[in-house]
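So this block is upload24.pdb, PDB, C-alpha atoms:
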```
MODEL        1
ATOM      1  CA  MET A   1     132.083 -25.104 -50.832
ATOM      2  CA  THR A   2     129.142 -25.227 -48.382
ATOM      3  CA  ASP A   3     126.632 -25.307 -51.251
ATOM      4  CA  SER A   4     127.904 -28.712 -52.279
ATOM      5  CA  ILE A   5     127.818 -30.310 -48.811
ATOM      6  CA  ASP A   6     124.675 -31.938 -47.485
ATOM      7  CA  PHE A   7     125.328 -31.573 -43.754
ATOM      8  CA  ARG A   8     122.478 -33.951 -42.866
ATOM      9  CA  ARG A   9     124.590 -36.778 -44.288
ATOM     10  CA  TYR A  10     126.969 -36.203 -41.373
ATOM     11  CA  ILE A  11     124.369 -36.372 -38.608
ATOM     12  CA  ARG A  12     123.611 -39.810 -37.201
ATOM     13  CA  SER A  13     120.118 -40.335 -35.753
ATOM     14  CA  ILE A  14     120.002 -42.669 -32.770
ATOM     15  CA  PRO A  15     116.547 -43.689 -31.534
ATOM     16  CA  ASP A  16     115.780 -44.031 -27.829
ATOM     17  CA  PHE A  17     118.958 -42.303 -26.594
ATOM     18  CA  PRO A  18     119.478 -41.269 -23.848
ATOM     19  CA  LYS A  19     116.014 -42.584 -22.973
ATOM     20  CA  PRO A  20     113.030 -44.125 -24.770
ATOM     21  CA  GLY A  21     111.177 -41.767 -27.095
ATOM     22  CA  ILE A  22     114.157 -39.466 -27.768
ATOM     23  CA  MET A  23     115.753 -39.291 -31.225
ATOM     24  CA  PHE A  24     119.348 -38.246 -30.523
ATOM     25  CA  ARG A  25     121.145 -36.270 -33.246
ATOM     26  CA  ASP A  26     124.785 -37.315 -33.117
ATOM     27  CA  ILE A  27     127.299 -34.777 -34.461
ATOM     28  CA  THR A  28     130.361 -37.043 -34.196
ATOM     29  CA  PRO A  29     130.269 -38.088 -37.886
ATOM     30  CA  LEU A  30     130.396 -34.386 -38.811
ATOM     31  CA  LEU A  31     133.333 -33.822 -36.475
ATOM     32  CA  ALA A  32     135.132 -36.824 -37.991
ATOM     33  CA  ALA A  33     134.944 -35.380 -41.520
ATOM     34  CA  PRO A  34     137.382 -32.429 -41.659
ATOM     35  CA  GLU A  35     136.075 -30.975 -44.936
ATOM     36  CA  ALA A  36     132.450 -31.091 -43.743
ATOM     37  CA  PHE A  37     133.305 -29.773 -40.258
ATOM     38  CA  ARG A  38     135.325 -26.890 -41.745
ATOM     39  CA  ALA A  39     132.463 -26.083 -44.137
ATOM     40  CA  ALA A  40     129.958 -26.211 -41.261
ATOM     41  CA  VAL A  41     131.978 -23.716 -39.227
ATOM     42  CA  LYS A  42     132.257 -21.377 -42.214
ATOM     43  CA  ALA A  43     128.523 -21.675 -42.939
ATOM     44  CA  MET A  44     127.686 -20.958 -39.294
ATOM     45  CA  ALA A  45     129.931 -17.869 -39.365
ATOM     46  CA  ASP A  46     128.642 -16.467 -42.675
ATOM     47  CA  PRO A  47     125.451 -14.745 -41.400
ATOM     48  CA  PHE A  48     127.490 -12.881 -38.771
ATOM     49  CA  ARG A  49     130.662 -11.916 -40.676
ATOM     50  CA  ASP A  50     129.769  -8.247 -41.101
ATOM     51  CA  GLN A  51     128.312  -7.736 -37.626
ATOM     52  CA  ASN A  52     131.489  -6.809 -35.739
ATOM     53  CA  ILE A  53     131.369  -9.770 -33.361
ATOM     54  CA  THR A  54     133.892  -9.279 -30.533
ATOM     55  CA  ALA A  55     133.175 -12.415 -28.488
ATOM     56  CA  ILE A  56     131.818 -15.913 -29.014
ATOM     57  CA  ALA A  57     130.294 -17.608 -25.966
ATOM     58  CA  ALA A  58     129.127 -21.195 -25.569
ATOM     59  CA  ALA A  59     127.937 -23.521 -22.852
ATOM     60  CA  GLU A  60     129.830 -26.700 -22.187
ATOM     61  CA  ALA A  61     130.488 -29.137 -23.581
ATOM     62  CA  ARG A  62     129.342 -29.657 -27.163
ATOM     63  CA  GLY A  63     128.882 -25.936 -27.715
ATOM     64  CA  PHE A  64     132.635 -25.523 -27.223
ATOM     65  CA  ILE A  65     133.292 -27.781 -30.215
ATOM     66  CA  PHE A  66     131.726 -25.259 -32.605
ATOM     67  CA  ALA A  67     132.429 -22.071 -30.661
ATOM     68  CA  ALA A  68     136.225 -22.269 -30.603
ATOM     69  CA  PRO A  69     136.667 -22.569 -34.381
ATOM     70  CA  LEU A  70     133.925 -19.947 -34.896
ATOM     71  CA  ALA A  71     135.873 -17.565 -32.664
ATOM     72  CA  LEU A  72     138.939 -18.068 -34.839
ATOM     73  CA  GLU A  73     136.885 -17.734 -38.030
ATOM     74  CA  LEU A  74     135.377 -14.416 -36.856
ATOM     75  CA  ASN A  75     138.537 -13.167 -35.106
ATOM     76  CA  ALA A  76     136.713 -12.916 -31.771
ATOM     77  CA  ALA A  77     137.376 -13.909 -28.172
ATOM     78  CA  PHE A  78     136.054 -17.243 -26.928
ATOM     79  CA  ILE A  79     134.114 -17.145 -23.628
ATOM     80  CA  PRO A  80     133.337 -20.475 -21.933
ATOM     81  CA  VAL A  81     130.035 -20.765 -20.061
ATOM     82  CA  ARG A  82     130.310 -23.569 -17.502
ATOM     83  CA  LYS A  83     128.540 -25.534 -14.829
ATOM     84  CA  PRO A  84     129.117 -24.328 -11.239
ATOM     85  CA  GLY A  85     132.579 -24.854  -9.790
ATOM     86  CA  LYS A  86     134.367 -25.334 -13.129
ATOM     87  CA  LEU A  87     135.788 -21.817 -13.623
ATOM     88  CA  PRO A  88     138.836 -20.803 -11.550
ATOM     89  CA  PHE A  89     138.177 -17.052 -11.137
ATOM     90  CA  ASP A  90     135.302 -15.005  -9.693
ATOM     91  CA  THR A  91     132.033 -15.931 -11.383
ATOM     92  CA  LYS A  92     128.492 -14.769 -11.844
ATOM     93  CA  ALA A  93     125.734 -17.334 -12.096
ATOM     94  CA  PHE A  94     122.349 -17.672 -13.734
ATOM     95  CA  HIS A  95     119.843 -20.187 -12.399
ATOM     96  CA  TYR A  96     117.187 -21.418 -14.790
ATOM     97  CA  GLU A  97     114.280 -23.818 -14.998
ATOM     98  CA  LEU A  98     114.359 -27.090 -16.855
ATOM     99  CA  GLU A  99     111.449 -29.358 -17.647
ATOM    100  CA  TYR A 100     112.166 -31.349 -14.469
ATOM    101  CA  GLY A 101     114.134 -29.162 -12.053
ATOM    102  CA  THR A 102     116.670 -26.370 -12.295
ATOM    103  CA  ASP A 103     120.206 -25.837 -13.521
ATOM    104  CA  THR A 104     122.909 -23.183 -13.238
ATOM    105  CA  LEU A 105     125.497 -21.754 -15.602
ATOM    106  CA  GLU A 106     128.414 -19.465 -14.750
ATOM    107  CA  ILE A 107     130.842 -17.115 -16.464
ATOM    108  CA  HIS A 108     133.850 -15.239 -15.139
ATOM    109  CA  THR A 109     132.914 -11.798 -13.841
ATOM    110  CA  ASP A 110     135.358 -10.257 -16.340
ATOM    111  CA  ALA A 111     134.281 -12.457 -19.291
ATOM    112  CA  PHE A 112     132.710  -9.616 -21.257
ATOM    113  CA  GLU A 113     133.585  -5.977 -21.602
ATOM    114  CA  GLN A 114     130.757  -3.489 -21.677
ATOM    115  CA  GLY A 115     129.687  -3.117 -25.298
ATOM    116  CA  ASP A 116     130.996  -6.488 -26.438
ATOM    117  CA  ARG A 117     129.044  -7.793 -29.430
ATOM    118  CA  VAL A 118     128.453 -11.433 -28.625
ATOM    119  CA  LEU A 119     127.498 -14.418 -30.745
ATOM    120  CA  LEU A 120     126.193 -17.346 -28.685
ATOM    121  CA  VAL A 121     126.840 -20.856 -29.980
ATOM    122  CA  ASP A 122     125.610 -24.366 -29.264
ATOM    123  CA  ASP A 123     125.498 -27.632 -31.142
ATOM    124  CA  LEU A 124     121.726 -28.009 -30.741
ATOM    125  CA  LEU A 125     118.679 -25.852 -30.106
ATOM    126  CA  ALA A 126     115.907 -27.907 -28.515
ATOM    127  CA  THR A 127     113.721 -26.296 -25.830
ATOM    128  CA  GLY A 128     115.987 -23.235 -25.570
ATOM    129  CA  GLY A 129     116.640 -23.249 -21.821
ATOM    130  CA  THR A 130     120.422 -23.430 -21.966
ATOM    131  CA  MET A 131     120.720 -20.766 -24.656
ATOM    132  CA  GLU A 132     118.254 -18.514 -22.835
ATOM    133  CA  ALA A 133     120.518 -18.749 -19.767
ATOM    134  CA  CYS A 134     123.533 -17.807 -21.925
ATOM    135  CA  VAL A 135     121.633 -14.801 -23.305
ATOM    136  CA  ARG A 136     120.765 -13.651 -19.776
ATOM    137  CA  LEU A 137     124.351 -14.035 -18.538
ATOM    138  CA  ALA A 138     125.702 -11.991 -21.450
ATOM    139  CA  GLU A 139     123.062  -9.280 -21.023
ATOM    140  CA  GLN A 140     123.663  -9.084 -17.264
ATOM    141  CA  ALA A 141     127.331  -8.461 -18.085
ATOM    142  CA  HIS A 142     126.263  -5.507 -20.304
ATOM    143  CA  ALA A 143     127.252  -7.250 -23.524
ATOM    144  CA  SER A 144     125.092  -6.956 -26.617
ATOM    145  CA  VAL A 145     123.866 -10.316 -27.898
ATOM    146  CA  VAL A 146     124.006 -10.103 -31.697
ATOM    147  CA  GLY A 147     122.688 -13.576 -32.365
ATOM    148  CA  CYS A 148     122.602 -17.272 -31.631
ATOM    149  CA  VAL A 149     123.936 -19.965 -33.940
ATOM    150  CA  PHE A 150     123.421 -23.728 -33.847
ATOM    151  CA  ALA A 151     124.561 -26.704 -35.859
ATOM    152  CA  ILE A 152     121.131 -28.334 -35.392
ATOM    153  CA  GLU A 153     117.693 -27.013 -34.486
ATOM    154  CA  LEU A 154     114.746 -29.169 -33.468
ATOM    155  CA  THR A 155     112.128 -26.671 -34.649
ATOM    156  CA  PHE A 156     109.186 -28.705 -33.335
ATOM    157  CA  LEU A 157     110.355 -27.964 -29.755
ATOM    158  CA  LYS A 158     110.060 -24.189 -30.368
ATOM    159  CA  GLY A 159     113.266 -23.265 -28.507
ATOM    160  CA  ARG A 160     113.756 -20.067 -30.497
ATOM    161  CA  GLU A 161     110.665 -18.619 -28.783
ATOM    162  CA  LYS A 162     112.766 -18.263 -25.610
ATOM    163  CA  LEU A 163     115.454 -16.261 -27.386
ATOM    164  CA  GLY A 164     113.532 -13.056 -28.053
ATOM    165  CA  ASP A 165     114.331 -10.956 -31.087
ATOM    166  CA  HIS A 166     117.918 -12.123 -31.481
ATOM    167  CA  GLN A 167     119.049 -13.253 -34.913
ATOM    168  CA  ILE A 168     119.071 -17.057 -35.006
ATOM    169  CA  PHE A 169     120.808 -19.273 -37.539
ATOM    170  CA  SER A 170     120.753 -23.067 -37.644
ATOM    171  CA  LEU A 171     122.770 -25.103 -40.102
ATOM    172  CA  ILE A 172     120.320 -28.032 -40.059
ATOM    173  CA  ASP A 173     116.636 -28.016 -39.067
ATOM    174  CA  TYR A 174     114.599 -31.036 -38.049
ATOM    175  CA  HIS A 175     110.863 -30.303 -38.191
ATOM    176  CA  ASP A 176     109.723 -33.467 -36.396
ATOM    177  CA  GLU A 177     111.127 -36.147 -34.125
ATOM    178  CA  ASN A 178     112.079 -38.536 -36.942
TER
ENDMDL
END
```
Serialized structure, structure tokens:
Amino acid sequence: MTDSIDFRRYIRSIPDFPKPGIMFRDITPLLAAPEAFRAAVKAMADPFRDQNITAIAAAEARGFIFAAPLALELNAAFIPVRKPGKLPFDTKAFHYELEYGTDTLEIHTDAFEQGDRVLLVDDLLATGGTMEACVRLAEQAHASVVGCVFAIELTFLKGREKLGDHQIFSLIDYHDEN
């Protein structure tokens, strides 16, 4: 099924959003096409099917869109990674650098069990800062990060360089800004 679907057809490119010079890759057409969305989730799960994944973690908000169905597809727990103050239980935080400032992500202190085999998910890999923070949170919780999976990767921004030796899979790659 996934061999016959050209996923790029379902990604809308919007120039100068959210600011001039940025080419935004809009996933909403993919989400609006059930057959394509289902095939995308299956294709994103395929490289990790035989790796005994016990948990899927994703940062809000667009990462959740792919992570929840991936968790069901791989029969794994779903772990939300959120901005500060959004989780109701005790949390641990990771502070990280952005191009212009800092940010913080949190997980519940009991989100992972020691030895969990975690797949990290996001809609887009750009500079890698958010996913690097997710990797660090999982590792600090003594989980084993098996890999990282993305619907889209902007390879020209070299985000995968921040993710170490973890297995990385992207459904769609863009090699330049156009």
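Omitting Thr127 of chain A and its sequence neighbours fewer than 6 positions away, and counting only C-alpha atoms, the residues within 8 Å are Leu157, Lys158, Gly159 and Arg160 of chain A.
Counting all atoms listed in the file, the residue from A:Ile27, A:Ala68, A:Ala93, A:Leu98 that sits nearest to Tyr10 of chain A is A:Ile27.
In this structure, atom CA of Lys162 of chain A sits 26.2 Å away from atom CA of Leu87 of chain A.
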**Asked** Applied to this file, what does the PyMOL selection byres ((chain A and resi 12) around 7) return in terms of residues, put as a list of chain:residue names?
**Response** A:Tyr10, A:Ile11, A:Ser13, A:Ile14, A:Arg25, A:Asp26, A:Ile27, A:Pro29
**Request:** Enumerate, as a count of residues only, the residues matched when the PyMOL selection byres ((chain A and resi 49-54) around 8) is run on the file above.
**Result:** 15
**Asked** Do you know which residues are at most 10 Å from Met44 of chain A counting all atoms listed in the file, after dropping those on the same chain fewer than 6 positions away, and could you put them as a VMD selection string?
**Response** chain A and resid 38 66 to 67 70 73 121 148 to 151 169 to 171
Export of the given selection (C-alpha atoms) as a short mmCIF file (atom, residue, chain, number, x, y, z; two decimals), in the frame of the given file:
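The resulting file, again_34.cif, is reproduced below:
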```
data_model
loop_
_atom_site.label_atom_id
_atom_site.label_comp_id
_atom_site.auth_asym_id
_atom_site.auth_seq_id
_atom_site.Cartn_x
_atom_site.Cartn_y
_atom_site.Cartn_z
CA ARG A 38 135.32 -26.89 -41.74
CA PHE A 66 131.73 -25.26 -32.60
CA ALA A 67 132.43 -22.07 -30.66
CA LEU A 70 133.93 -19.95 -34.90
CA GLU A 73 136.88 -17.73 -38.03
CA VAL A 121 126.84 -20.86 -29.98
CA CYS A 148 122.60 -17.27 -31.63
CA VAL A 149 123.94 -19.96 -33.94
CA PHE A 150 123.42 -23.73 -33.85
CA ALA A 151 124.56 -26.70 -35.86
CA PHE A 169 120.81 -19.27 -37.54
CA SER A 170 120.75 -23.07 -37.64
CA LEU A 171 122.77 -25.10 -40.10
#
```
**Request:** Give the answer as one residue: which of A:Glu106, A:Glu97, A:Asp90, A:Glu161 has the shortest atom-to-atom distance to Gly129 of chain A, using only C-alpha atoms?
**Result:** A:Glu97
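Separating atom CA of Ala59 of chain A from atom CA of His166 of chain A is a distance of 17.5 Å.
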Any chance you could work out the residue set of the PyMOL selection byres ((chain A and resi 136-141) around 8) here, as a PDB file with C-alpha atoms, in the coordinates of the input?
```pdb
ATOM      1  CA  LYS A  92     128.492 -14.769 -11.844  1.00  0.00           C
ATOM      2  CA  ALA A  93     125.734 -17.334 -12.096  1.00  0.00           C
ATOM      3  CA  PHE A  94     122.349 -17.672 -13.734  1.00  0.00           C
ATOM      4  CA  GLU A 106     128.414 -19.465 -14.750  1.00  0.00           C
ATOM      5  CA  ILE A 107     130.842 -17.115 -16.464  1.00  0.00           C
ATOM      6  CA  THR A 109     132.914 -11.798 -13.841  1.00  0.00           C
ATOM      7  CA  PHE A 112     132.710  -9.616 -21.257  1.00  0.00           C
ATOM      8  CA  GLU A 113     133.585  -5.977 -21.602  1.00  0.00           C
ATOM      9  CA  GLN A 114     130.757  -3.489 -21.677  1.00  0.00           C
ATOM     10  CA  VAL A 118     128.453 -11.433 -28.625  1.00  0.00           C
ATOM     11  CA  GLU A 132     118.254 -18.514 -22.835  1.00  0.00           C
ATOM     12  CA  ALA A 133     120.518 -18.749 -19.767  1.00  0.00           C
ATOM     13  CA  CYS A 134     123.533 -17.807 -21.925  1.00  0.00           C
ATOM     14  CA  VAL A 135     121.633 -14.801 -23.305  1.00  0.00           C
ATOM     15  CA  HIS A 142     126.263  -5.507 -20.304  1.00  0.00           C
ATOM     16  CA  ALA A 143     127.252  -7.250 -23.524  1.00  0.00           C
ATOM     17  CA  SER A 144     125.092  -6.956 -26.617  1.00  0.00           C
ATOM     18  CA  VAL A 145     123.866 -10.316 -27.898  1.00  0.00           C
TER      19      VAL A 145
END
```
**Message:** Would you compute the distance between atom CA of Leu124 of chain A and atom CA of Pro84 of chain A? Give it in Å to one decimal.
**Reply:** 21.2 Å
**Item:** Residue nearest Leu31 of chain A - candidates A:Phe156, A:Phe17, A:Phe7, A:Phe78, atoms counted: all atoms listed in the file
**Value:** A:Phe7
Determine the axis-aligned bounding box of all atoms of segment 148-156 of chain A present in the file, pad each side by 3 Å, and express its centre and edge lengths in Å to one decimal place as JSON.
```
{"center_x": 116.9, "center_y": -23.2, "center_z": -33.7, "size_x": 21.4, "size_y": 17.9, "size_z": 10.2}
```
Could you give me, as a JSON list (two decimals) with C-alpha atoms, in the coordinates of the input, the residues within 7 Å of Thr155 of chain A, counting only C-alpha atoms and dropping anything in the same chain fewer than 4 positions from it?
```json
[["chain", "number", "residue", "atom", "x", "y", "z"],
["A", 173, "ASP", "CA", 116.64, -28.02, -39.07],
["A", 174, "TYR", "CA", 114.60, -31.04, -38.05],
["A", 175, "HIS", "CA", 110.86, -30.30, -38.19]]
```
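Residue nearest Asp103 of chain A within the list A:Lys42, A:Arg9, A:Arg82, A:Lys19: A:Arg82 [criterion: smallest interatomic distance, only C-alpha atoms].
Closest approach to Met131 of chain A among A:Gly164, A:Gly115, A:Pro20, A:Pro15 is made by A:Gly164 (distances from only C-alpha atoms).
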